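> Next comes the structure file my_file-v6.txt, holding compact mmCIF, N, CA and C atoms.
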```txt
# COMPACT_ATOMS: atom_id res chain seq x y z
N MET V 1 0.85 -1.17 0.00
CA MET V 1 0.00 0.00 0.00
C MET V 1 0.90 1.23 0.00
N PRO V 2 0.64 2.20 -0.88
CA PRO V 2 1.44 3.42 -0.91
C PRO V 2 1.32 4.17 0.41
N ARG V 3 2.30 5.00 0.64
CA ARG V 3 2.40 5.71 1.91
C ARG V 3 1.20 6.63 2.15
N PHE V 4 0.74 7.39 1.17
CA PHE V 4 -0.35 8.35 1.37
C PHE V 4 -1.66 7.67 1.78
N PRO V 5 -2.10 6.62 1.12
CA PRO V 5 -3.34 5.98 1.55
C PRO V 5 -3.25 5.42 2.97
N ARG V 6 -2.09 4.90 3.35
CA ARG V 6 -1.95 4.40 4.73
C ARG V 6 -2.08 5.53 5.74
N LEU V 7 -1.47 6.66 5.43
CA LEU V 7 -1.57 7.83 6.29
C LEU V 7 -3.01 8.33 6.37
N ALA V 8 -3.69 8.36 5.24
CA ALA V 8 -5.08 8.80 5.21
C ALA V 8 -5.96 7.85 6.04
N LEU V 9 -5.70 6.55 5.89
CA LEU V 9 -6.46 5.57 6.66
C LEU V 9 -6.20 5.74 8.16
N ALA V 10 -4.95 5.93 8.53
CA ALA V 10 -4.61 6.11 9.94
C ALA V 10 -5.26 7.37 10.50
N LEU V 11 -5.26 8.46 9.75
CA LEU V 11 -5.89 9.70 10.21
C LEU V 11 -7.41 9.53 10.33
N ALA V 12 -8.00 8.82 9.38
CA ALA V 12 -9.45 8.60 9.44
C ALA V 12 -9.82 7.78 10.66
N LEU V 13 -9.06 6.73 10.94
CA LEU V 13 -9.34 5.91 12.13
C LEU V 13 -9.14 6.71 13.41
N ALA V 14 -8.11 7.53 13.44
CA ALA V 14 -7.87 8.37 14.62
C ALA V 14 -9.02 9.35 14.82
N ALA V 15 -9.52 9.92 13.74
CA ALA V 15 -10.64 10.87 13.83
C ALA V 15 -11.89 10.16 14.34
N LEU V 16 -12.16 8.97 13.84
CA LEU V 16 -13.33 8.21 14.31
C LEU V 16 -13.19 7.86 15.78
N SER V 17 -12.00 7.46 16.17
CA SER V 17 -11.75 7.12 17.57
C SER V 17 -11.98 8.33 18.46
N THR V 18 -11.50 9.49 18.05
CA THR V 18 -11.66 10.72 18.83
C THR V 18 -13.14 11.10 18.93
N CYS V 19 -13.87 10.98 17.81
CA CYS V 19 -15.29 11.31 17.82
C CYS V 19 -16.04 10.37 18.76
N SER V 20 -15.72 9.10 18.69
CA SER V 20 -16.38 8.11 19.54
C SER V 20 -16.10 8.39 21.00
N THR V 21 -14.84 8.64 21.34
CA THR V 21 -14.46 8.94 22.72
C THR V 21 -15.12 10.23 23.18
N ALA V 22 -15.13 11.23 22.34
CA ALA V 22 -15.74 12.51 22.70
C ALA V 22 -17.23 12.35 22.93
N SER V 23 -17.91 11.56 22.09
CA SER V 23 -19.36 11.40 22.28
C SER V 23 -19.68 10.62 23.54
N VAL V 24 -18.86 9.62 23.86
CA VAL V 24 -19.07 8.86 25.10
C VAL V 24 -18.83 9.77 26.30
N ALA V 25 -17.77 10.57 26.26
CA ALA V 25 -17.48 11.48 27.36
C ALA V 25 -18.59 12.52 27.51
N ALA V 26 -19.10 13.04 26.40
CA ALA V 26 -20.18 14.03 26.46
C ALA V 26 -21.44 13.40 27.03
N ALA V 27 -21.74 12.18 26.64
CA ALA V 27 -22.93 11.50 27.16
C ALA V 27 -22.80 11.27 28.66
N ALA V 28 -21.61 10.87 29.11
CA ALA V 28 -21.39 10.63 30.54
C ALA V 28 -21.49 11.94 31.33
N ALA V 29 -20.94 13.02 30.76
CA ALA V 29 -20.97 14.30 31.45
C ALA V 29 -22.39 14.86 31.52
N SER V 30 -23.22 14.58 30.50
CA SER V 30 -24.55 15.13 30.49
C SER V 30 -25.58 14.24 31.20
N ALA V 31 -25.18 13.02 31.57
CA ALA V 31 -26.09 12.13 32.26
C ALA V 31 -26.42 12.71 33.63
N PRO V 32 -27.69 12.70 34.01
CA PRO V 32 -28.05 13.24 35.32
C PRO V 32 -27.48 12.36 36.43
N PRO V 33 -27.18 12.94 37.58
CA PRO V 33 -26.68 12.13 38.68
C PRO V 33 -27.79 11.22 39.20
N ASP V 34 -27.39 10.22 39.94
CA ASP V 34 -28.40 9.38 40.59
C ASP V 34 -29.17 10.28 41.55
N HIS V 35 -30.49 10.24 41.46
CA HIS V 35 -31.35 11.16 42.20
C HIS V 35 -32.53 10.39 42.78
N LEU V 36 -32.66 10.41 44.10
CA LEU V 36 -33.75 9.70 44.76
C LEU V 36 -34.49 10.64 45.70
N THR V 37 -35.79 10.44 45.81
CA THR V 37 -36.60 11.13 46.80
C THR V 37 -37.12 10.07 47.76
N LEU V 38 -36.86 10.26 49.05
CA LEU V 38 -37.27 9.31 50.08
C LEU V 38 -38.30 9.97 50.98
N THR V 39 -39.41 9.30 51.19
CA THR V 39 -40.42 9.79 52.12
C THR V 39 -40.56 8.75 53.22
N VAL V 40 -40.27 9.14 54.45
CA VAL V 40 -40.29 8.24 55.60
C VAL V 40 -41.37 8.71 56.57
N THR V 41 -42.16 7.77 57.06
CA THR V 41 -43.19 8.08 58.06
C THR V 41 -43.11 7.10 59.22
N ASP V 42 -43.51 7.55 60.39
CA ASP V 42 -43.66 6.72 61.59
C ASP V 42 -42.41 5.95 61.98
N SER V 43 -41.23 6.56 61.81
CA SER V 43 -39.98 5.88 62.16
C SER V 43 -39.73 5.86 63.66
N GLY V 44 -40.45 6.69 64.40
CA GLY V 44 -40.20 6.82 65.83
C GLY V 44 -39.24 7.96 66.15
N ASP V 45 -38.68 8.57 65.13
CA ASP V 45 -37.77 9.70 65.29
C ASP V 45 -38.28 10.83 64.41
N PRO V 46 -38.85 11.88 65.01
CA PRO V 46 -39.40 12.98 64.21
C PRO V 46 -38.39 13.59 63.23
N ALA V 47 -37.10 13.57 63.57
CA ALA V 47 -36.09 14.12 62.67
C ALA V 47 -35.88 13.23 61.45
N ALA V 48 -36.20 11.95 61.58
CA ALA V 48 -36.00 11.01 60.45
C ALA V 48 -37.23 10.95 59.55
N ASP V 49 -38.37 11.41 60.05
CA ASP V 49 -39.59 11.41 59.23
C ASP V 49 -39.61 12.62 58.32
N GLY V 50 -40.14 12.43 57.13
CA GLY V 50 -40.24 13.53 56.18
C GLY V 50 -39.80 13.10 54.80
N THR V 51 -39.64 14.08 53.94
CA THR V 51 -39.22 13.83 52.57
C THR V 51 -37.82 14.39 52.38
N PHE V 52 -36.94 13.55 51.86
CA PHE V 52 -35.53 13.92 51.69
C PHE V 52 -35.11 13.62 50.26
N VAL V 53 -34.22 14.44 49.74
CA VAL V 53 -33.65 14.23 48.42
C VAL V 53 -32.23 13.73 48.60
N LEU V 54 -31.87 12.71 47.83
CA LEU V 54 -30.52 12.17 47.85
C LEU V 54 -29.99 12.15 46.42
N THR V 55 -28.88 12.83 46.20
CA THR V 55 -28.20 12.74 44.91
C THR V 55 -26.84 12.10 45.16
N CYS V 56 -26.42 11.31 44.20
CA CYS V 56 -25.12 10.63 44.30
C CYS V 56 -24.32 10.87 43.03
N HIS V 57 -23.03 10.79 43.21
CA HIS V 57 -22.08 10.95 42.08
C HIS V 57 -22.16 12.33 41.46
N PRO V 58 -22.05 13.41 42.22
CA PRO V 58 -21.56 13.54 43.59
C PRO V 58 -22.70 13.48 44.62
N ALA V 59 -22.32 13.18 45.88
CA ALA V 59 -23.29 13.07 46.97
C ALA V 59 -23.80 14.45 47.37
N GLY V 60 -25.10 14.52 47.64
CA GLY V 60 -25.69 15.78 48.08
C GLY V 60 -27.17 15.62 48.33
N GLY V 61 -27.86 16.72 48.43
CA GLY V 61 -29.29 16.72 48.69
C GLY V 61 -29.59 17.04 50.14
N THR V 62 -30.84 16.80 50.53
CA THR V 62 -31.28 17.11 51.89
C THR V 62 -31.24 15.89 52.81
N HIS V 63 -30.80 14.76 52.31
CA HIS V 63 -30.66 13.55 53.13
C HIS V 63 -29.69 13.84 54.26
N PRO V 64 -29.95 13.34 55.48
CA PRO V 64 -29.07 13.67 56.61
C PRO V 64 -27.64 13.13 56.49
N ALA V 65 -27.41 12.08 55.71
CA ALA V 65 -26.06 11.51 55.56
C ALA V 65 -25.85 11.11 54.10
N PRO V 66 -25.74 12.10 53.19
CA PRO V 66 -25.72 11.75 51.77
C PRO V 66 -24.55 10.87 51.34
N GLN V 67 -23.35 11.15 51.81
CA GLN V 67 -22.20 10.35 51.36
C GLN V 67 -22.32 8.90 51.85
N ALA V 68 -22.69 8.71 53.10
CA ALA V 68 -22.84 7.35 53.63
C ALA V 68 -23.97 6.61 52.91
N ALA V 69 -25.06 7.31 52.61
CA ALA V 69 -26.18 6.69 51.90
C ALA V 69 -25.76 6.30 50.48
N CYS V 70 -25.05 7.18 49.79
CA CYS V 70 -24.58 6.87 48.44
C CYS V 70 -23.60 5.70 48.45
N ASP V 71 -22.71 5.68 49.42
CA ASP V 71 -21.76 4.58 49.54
C ASP V 71 -22.50 3.26 49.75
N ARG V 72 -23.53 3.26 50.58
CA ARG V 72 -24.28 2.03 50.82
C ARG V 72 -25.01 1.58 49.57
N LEU V 73 -25.62 2.51 48.85
CA LEU V 73 -26.30 2.15 47.60
C LEU V 73 -25.31 1.59 46.58
N ASP V 74 -24.12 2.15 46.53
CA ASP V 74 -23.10 1.61 45.63
C ASP V 74 -22.76 0.17 46.02
N GLU V 75 -22.69 -0.11 47.33
CA GLU V 75 -22.41 -1.48 47.79
C GLU V 75 -23.53 -2.44 47.42
N LEU V 76 -24.78 -1.97 47.47
CA LEU V 76 -25.93 -2.82 47.19
C LEU V 76 -26.13 -3.05 45.70
N THR V 77 -25.52 -2.22 44.87
CA THR V 77 -25.75 -2.30 43.43
C THR V 77 -24.84 -3.35 42.81
N THR V 78 -25.46 -4.34 42.18
CA THR V 78 -24.76 -5.41 41.49
C THR V 78 -25.32 -5.51 40.09
N TRP V 79 -24.45 -5.64 39.11
CA TRP V 79 -24.88 -5.73 37.73
C TRP V 79 -25.91 -6.84 37.57
N GLY V 80 -27.04 -6.50 36.94
CA GLY V 80 -28.07 -7.49 36.64
C GLY V 80 -29.09 -7.70 37.74
N THR V 81 -28.96 -6.98 38.86
CA THR V 81 -29.95 -7.11 39.92
C THR V 81 -30.51 -5.73 40.26
N ASP V 82 -31.67 -5.72 40.86
CA ASP V 82 -32.32 -4.48 41.28
C ASP V 82 -32.18 -4.36 42.80
N PRO V 83 -31.35 -3.43 43.29
CA PRO V 83 -31.20 -3.33 44.74
C PRO V 83 -32.49 -2.92 45.44
N PHE V 84 -33.43 -2.35 44.70
CA PHE V 84 -34.69 -1.90 45.28
C PHE V 84 -35.81 -2.93 45.14
N ALA V 85 -35.49 -4.11 44.65
CA ALA V 85 -36.52 -5.13 44.43
C ALA V 85 -37.24 -5.46 45.74
N PRO V 86 -38.55 -5.70 45.65
CA PRO V 86 -39.29 -6.06 46.86
C PRO V 86 -38.93 -7.46 47.33
N VAL V 87 -39.38 -7.79 48.53
CA VAL V 87 -39.23 -9.14 49.04
C VAL V 87 -40.00 -10.07 48.09
N PRO V 88 -39.41 -11.18 47.69
CA PRO V 88 -40.11 -12.09 46.77
C PRO V 88 -41.42 -12.60 47.39
N PRO V 89 -42.38 -12.97 46.54
CA PRO V 89 -43.64 -13.48 47.08
C PRO V 89 -43.42 -14.82 47.78
N ASP V 90 -44.18 -15.06 48.82
CA ASP V 90 -44.18 -16.32 49.58
C ASP V 90 -42.83 -16.73 50.17
N PRO V 91 -42.06 -15.81 50.76
CA PRO V 91 -40.82 -16.24 51.39
C PRO V 91 -41.10 -16.80 52.79
N MET V 92 -40.14 -17.48 53.34
CA MET V 92 -40.22 -17.94 54.73
C MET V 92 -39.69 -16.80 55.59
N CYS V 93 -40.58 -16.10 56.30
CA CYS V 93 -40.18 -14.94 57.10
C CYS V 93 -40.67 -15.14 58.53
N THR V 94 -39.90 -14.61 59.47
CA THR V 94 -40.37 -14.64 60.86
C THR V 94 -41.58 -13.75 60.98
N MET V 95 -42.50 -14.14 61.80
CA MET V 95 -43.73 -13.37 62.00
C MET V 95 -43.52 -12.41 63.17
N GLN V 96 -42.70 -11.41 62.94
CA GLN V 96 -42.48 -10.38 63.94
C GLN V 96 -42.88 -9.05 63.34
N TYR V 97 -43.21 -8.12 64.19
CA TYR V 97 -43.64 -6.81 63.74
C TYR V 97 -42.57 -5.81 64.12
N GLY V 98 -42.06 -5.07 63.16
CA GLY V 98 -40.99 -4.12 63.40
C GLY V 98 -41.44 -2.70 63.58
N GLY V 99 -42.74 -2.48 63.66
CA GLY V 99 -43.25 -1.13 63.87
C GLY V 99 -43.94 -0.57 62.64
N PRO V 100 -44.54 0.60 62.80
CA PRO V 100 -45.36 1.17 61.73
C PRO V 100 -44.59 1.95 60.66
N ALA V 101 -43.27 2.00 60.76
CA ALA V 101 -42.48 2.81 59.82
C ALA V 101 -42.71 2.37 58.38
N THR V 102 -42.80 3.36 57.49
CA THR V 102 -42.88 3.10 56.05
C THR V 102 -41.92 4.06 55.35
N ALA V 103 -41.50 3.66 54.17
CA ALA V 103 -40.67 4.53 53.35
C ALA V 103 -41.03 4.29 51.90
N HIS V 104 -41.00 5.35 51.13
CA HIS V 104 -41.24 5.26 49.69
C HIS V 104 -40.08 5.96 49.00
N VAL V 105 -39.46 5.27 48.06
CA VAL V 105 -38.28 5.80 47.36
C VAL V 105 -38.60 5.86 45.88
N THR V 106 -38.43 7.03 45.29
CA THR V 106 -38.64 7.20 43.85
C THR V 106 -37.46 7.94 43.26
N GLY V 107 -37.30 7.83 41.97
CA GLY V 107 -36.25 8.57 41.28
C GLY V 107 -35.51 7.70 40.30
N THR V 108 -34.19 7.92 40.22
CA THR V 108 -33.35 7.19 39.28
C THR V 108 -32.10 6.72 40.00
N TRP V 109 -31.77 5.45 39.81
CA TRP V 109 -30.54 4.90 40.36
C TRP V 109 -29.87 4.06 39.28
N ALA V 110 -28.60 4.30 39.03
CA ALA V 110 -27.81 3.57 38.04
C ALA V 110 -28.49 3.59 36.67
N GLY V 111 -29.12 4.73 36.36
CA GLY V 111 -29.77 4.89 35.07
C GLY V 111 -31.13 4.22 34.95
N ARG V 112 -31.64 3.66 36.03
CA ARG V 112 -32.92 2.96 35.99
C ARG V 112 -33.92 3.63 36.92
N PRO V 113 -35.20 3.64 36.55
CA PRO V 113 -36.20 4.24 37.41
C PRO V 113 -36.40 3.42 38.69
N VAL V 114 -36.69 4.14 39.77
CA VAL V 114 -36.93 3.52 41.07
C VAL V 114 -38.30 3.95 41.57
N ASP V 115 -39.08 2.99 42.04
CA ASP V 115 -40.35 3.25 42.72
C ASP V 115 -40.53 2.09 43.70
N ALA V 116 -39.98 2.25 44.90
CA ALA V 116 -39.93 1.16 45.87
C ALA V 116 -40.57 1.57 47.19
N SER V 117 -41.25 0.63 47.80
CA SER V 117 -41.86 0.84 49.12
C SER V 117 -41.21 -0.08 50.13
N PHE V 118 -41.03 0.43 51.33
CA PHE V 118 -40.42 -0.31 52.42
C PHE V 118 -41.36 -0.25 53.62
N ARG V 119 -41.38 -1.33 54.39
CA ARG V 119 -42.16 -1.38 55.63
C ARG V 119 -41.48 -2.37 56.56
N ARG V 120 -42.00 -2.52 57.75
CA ARG V 120 -41.36 -3.38 58.75
C ARG V 120 -42.39 -4.36 59.32
N THR V 121 -43.12 -5.03 58.44
CA THR V 121 -44.25 -5.85 58.87
C THR V 121 -43.91 -7.30 59.18
N ASP V 122 -42.73 -7.78 58.79
CA ASP V 122 -42.31 -9.13 59.15
C ASP V 122 -40.78 -9.19 59.08
N GLY V 123 -40.21 -10.33 59.40
CA GLY V 123 -38.76 -10.44 59.44
C GLY V 123 -38.07 -10.13 58.13
N CYS V 124 -38.66 -10.54 57.01
CA CYS V 124 -38.05 -10.26 55.71
C CYS V 124 -38.07 -8.77 55.39
N GLU V 125 -39.19 -8.12 55.68
CA GLU V 125 -39.30 -6.68 55.41
C GLU V 125 -38.38 -5.89 56.34
N ILE V 126 -38.26 -6.35 57.59
CA ILE V 126 -37.36 -5.69 58.54
C ILE V 126 -35.91 -5.81 58.04
N ALA V 127 -35.52 -7.00 57.59
CA ALA V 127 -34.17 -7.22 57.09
C ALA V 127 -33.90 -6.36 55.86
N ARG V 128 -34.89 -6.26 54.98
CA ARG V 128 -34.73 -5.43 53.77
C ARG V 128 -34.52 -3.98 54.16
N TRP V 129 -35.34 -3.47 55.09
CA TRP V 129 -35.20 -2.09 55.56
C TRP V 129 -33.82 -1.88 56.17
N ASP V 130 -33.45 -2.78 57.10
CA ASP V 130 -32.17 -2.62 57.80
C ASP V 130 -30.98 -2.69 56.84
N ASP V 131 -31.11 -3.46 55.76
CA ASP V 131 -30.04 -3.57 54.78
C ASP V 131 -29.79 -2.23 54.08
N PHE V 132 -30.79 -1.35 54.08
CA PHE V 132 -30.67 -0.05 53.42
C PHE V 132 -30.16 1.05 54.35
N ALA V 133 -29.84 0.73 55.59
CA ALA V 133 -29.27 1.75 56.48
C ALA V 133 -27.88 2.13 55.96
N PRO V 134 -27.53 3.36 55.89
CA PRO V 134 -28.17 4.58 56.34
C PRO V 134 -29.01 5.30 55.29
N VAL V 135 -29.34 4.63 54.18
CA VAL V 135 -30.25 5.26 53.21
C VAL V 135 -31.58 5.51 53.90
N LEU V 136 -32.08 4.47 54.58
CA LEU V 136 -33.29 4.58 55.39
C LEU V 136 -32.86 4.70 56.85
N PRO V 137 -33.63 5.41 57.67
CA PRO V 137 -33.22 5.60 59.06
C PRO V 137 -33.43 4.35 59.90
N THR V 138 -32.68 4.26 60.99
CA THR V 138 -32.98 3.23 61.97
C THR V 138 -34.28 3.62 62.64
N THR V 139 -35.01 2.65 63.12
CA THR V 139 -36.30 2.94 63.74
C THR V 139 -36.29 2.50 65.19
N THR V 140 -37.27 2.98 65.94
CA THR V 140 -37.36 2.61 67.34
C THR V 140 -38.22 1.37 67.55
N GLY V 141 -38.73 0.77 66.46
CA GLY V 141 -39.49 -0.47 66.58
C GLY V 141 -40.95 -0.21 66.85
N ALA V 142 -41.62 -1.25 67.33
CA ALA V 142 -43.07 -1.21 67.52
C ALA V 142 -43.49 -0.30 68.64
```
Please, can you express the file's structure as structure tokens?

Amino acid sequence: MPRFPRLALALALAALSTCSTASVAAAAASAPPDHLTLTVTDSGDPAADGTFVLTCHPAGGTHPAPQAACDRLDELTTWGTDPFAPVPPDPMCTMQYGGPATAHVTGTWAGRPVDASFRRTDGCEIARWDDFAPVLPTTTGA
């Protein structure tokens, strides 16, 4: 192959590579941060009840511990699974009552929509809630 066509081919490939890298970088920069709205009721702690905003990557919002909450969500996030998935139907759970606390989480996490409800009505639901600490507050129980 003559020298000029090889140079032209190399420049064309470099230009395509740069465009591809630039478009990926632009898409990543323009992607909204992970953003969740949490509404907590009846936790037993008036300071923990209410509606809080949590943004991650970077951490912020009105959540009382945004960095710790974002770190925990990052730990819970595994490729191919939904960290906000409800307790599966018909599990074997202890029949204990963890109190009247409820939480509703909406927004976007890892590029996916979130609409999850939490409660403390049996052992499985209590474990699910507790697994989300400090995203969700600790409660004083029944």
> Considering only N, CA and C atoms, can you say which of V:Thr81, V:Cys56, V:Ala116, V:Arg128 comes closest to Ala69 (chain V)?
V:Cys56
> Find the residues around Met95 (chain V) up to 8 Å (only N, CA and C atoms counted), leave out those fewer than 3 positions away in its own chain, and share them as a ChimeraX atom specification.
/V:92,98,121-124
> Could you state the separation of CA of Asp131 (chain V) and atom C of Val87 (chain V) in Å, given to one decimal place?
13.6 Å
> Could you tell me how far atom N of Val105 (chain V) sits from atom C of Thr39 (chain V), in Å to one decimal place?
6.3 Å
> Taking (-35.4, 0.4, 50.7) in the file's coordinates, which residues come within 10 Å, counting only C-alpha atoms, written as a list in words?
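Residues with an atom close enough to that point: Leu38, Leu73, Pro83, Phe84, Ala85, Pro86, Thr102, Ala103, His104, Val105, Asp115, Ala116, Ser117, Phe118, Arg119, Glu125, Arg128, Trp129, Asp130, Asp131, Phe132, Ala133, Val135 and Leu136 of chain V.
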> What is the distance between CA of Thr106 (chain V) and CA of Asp82 (chain V), in Å to one decimal?
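For CA of Thr106 (chain V) relative to CA of Asp82 (chain V), the distance reads 13.5 Å.
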> Could you pull out all residues of region 7-139 of chain V with a DSSP call of alpha helix (DSSP H) and give them as a ChimeraX atom specification?
/V:7-30,66-76,123-131
> Extract, using only N, CA and C atoms, all DNA, RNA and protein residues at most 7 Å from Thr140 (chain V), discarding same-chain residues fewer than 4 positions from it, and format them as a tab-separated table (two decimals) with N, CA and C atoms, in the coordinates of the input.

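Contents of the output file out.tsv:
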```tsv
chain	number	residue	atom	x	y	z
V	43	SER	N	-41.23	6.56	61.81
V	43	SER	CA	-39.98	5.88	62.16
V	43	SER	C	-39.73	5.86	63.66
V	44	GLY	N	-40.45	6.69	64.40
V	44	GLY	CA	-40.20	6.82	65.83
V	44	GLY	C	-39.24	7.96	66.15
V	45	ASP	N	-38.68	8.57	65.13
V	45	ASP	CA	-37.77	9.70	65.29
V	45	ASP	C	-38.28	10.83	64.41
V	98	GLY	N	-42.06	-5.07	63.16
V	98	GLY	CA	-40.99	-4.12	63.40
V	98	GLY	C	-41.44	-2.70	63.58
V	99	GLY	N	-42.74	-2.48	63.66
V	99	GLY	CA	-43.25	-1.13	63.87
V	99	GLY	C	-43.94	-0.57	62.64
```
> Can you list, as a PyMOL selection string, every protein, DNA or RNA residue that comes within 5 Å of Gly50 (chain V) when you count all atoms listed in the file, leaving out same-chain residues fewer than 2 positions away?
chain V and resi 39-40+48+52
> May I have the residues within 8 Å of Thr55 (chain V) as a list in words, using all atoms listed in the file and disregarding those fewer than 5 positions away in the same chain?
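Result of the neighbour search: Pro33, Asp34, His35, Leu36, Thr37, Gly60, Gly61, Thr62, His63, Pro66, Gln67, Ala69 and Cys70 of chain V.
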> Hey, what does DSSP flag as strand (DSSP E or B) within region 40-139 of chain V? Can you give it to me as a list of chain:residue names?
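The strand (DSSP E or B) residues within region 40-139 of chain V come out as V:Val40, V:Thr41, V:Gly50, V:Thr51, V:Phe52, V:Val53, V:Leu54, V:Thr55, V:Cys56, V:Gly60, V:Gly61, V:Thr102, V:Ala103, V:His104, V:Val105, V:Thr106, V:Gly107, V:Thr108, V:Trp109, V:Arg112, V:Pro113, V:Val114, V:Asp115, V:Ala116, V:Ser117, V:Phe118, V:Arg119.
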> The centre and edge lengths of an axis-aligned box containing all atoms of region 96-102 of chain V present in the file, extended by 6 Å on each side, are to be given in Å to one decimal, as AutoDock Vina command-line options.

```
--center_x -43.2 --center_y -3.7 --center_z 59.8 --size_x 16.4 --size_y 27.5 --size_z 20.8
```
> Tell me which of V:Tyr97, V:Gly107, V:Thr51, V:Arg112 sits closest to Thr77 (chain V), counting only C-alpha atoms.
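The shortest atom-to-atom distance to Thr77 (chain V) comes from V:Arg112.
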> Which one is closest to Ala68 (chain V): V:Thr139, V:Pro134, V:Pro88, V:Val114? Count all atoms listed in the file.
V:Pro134
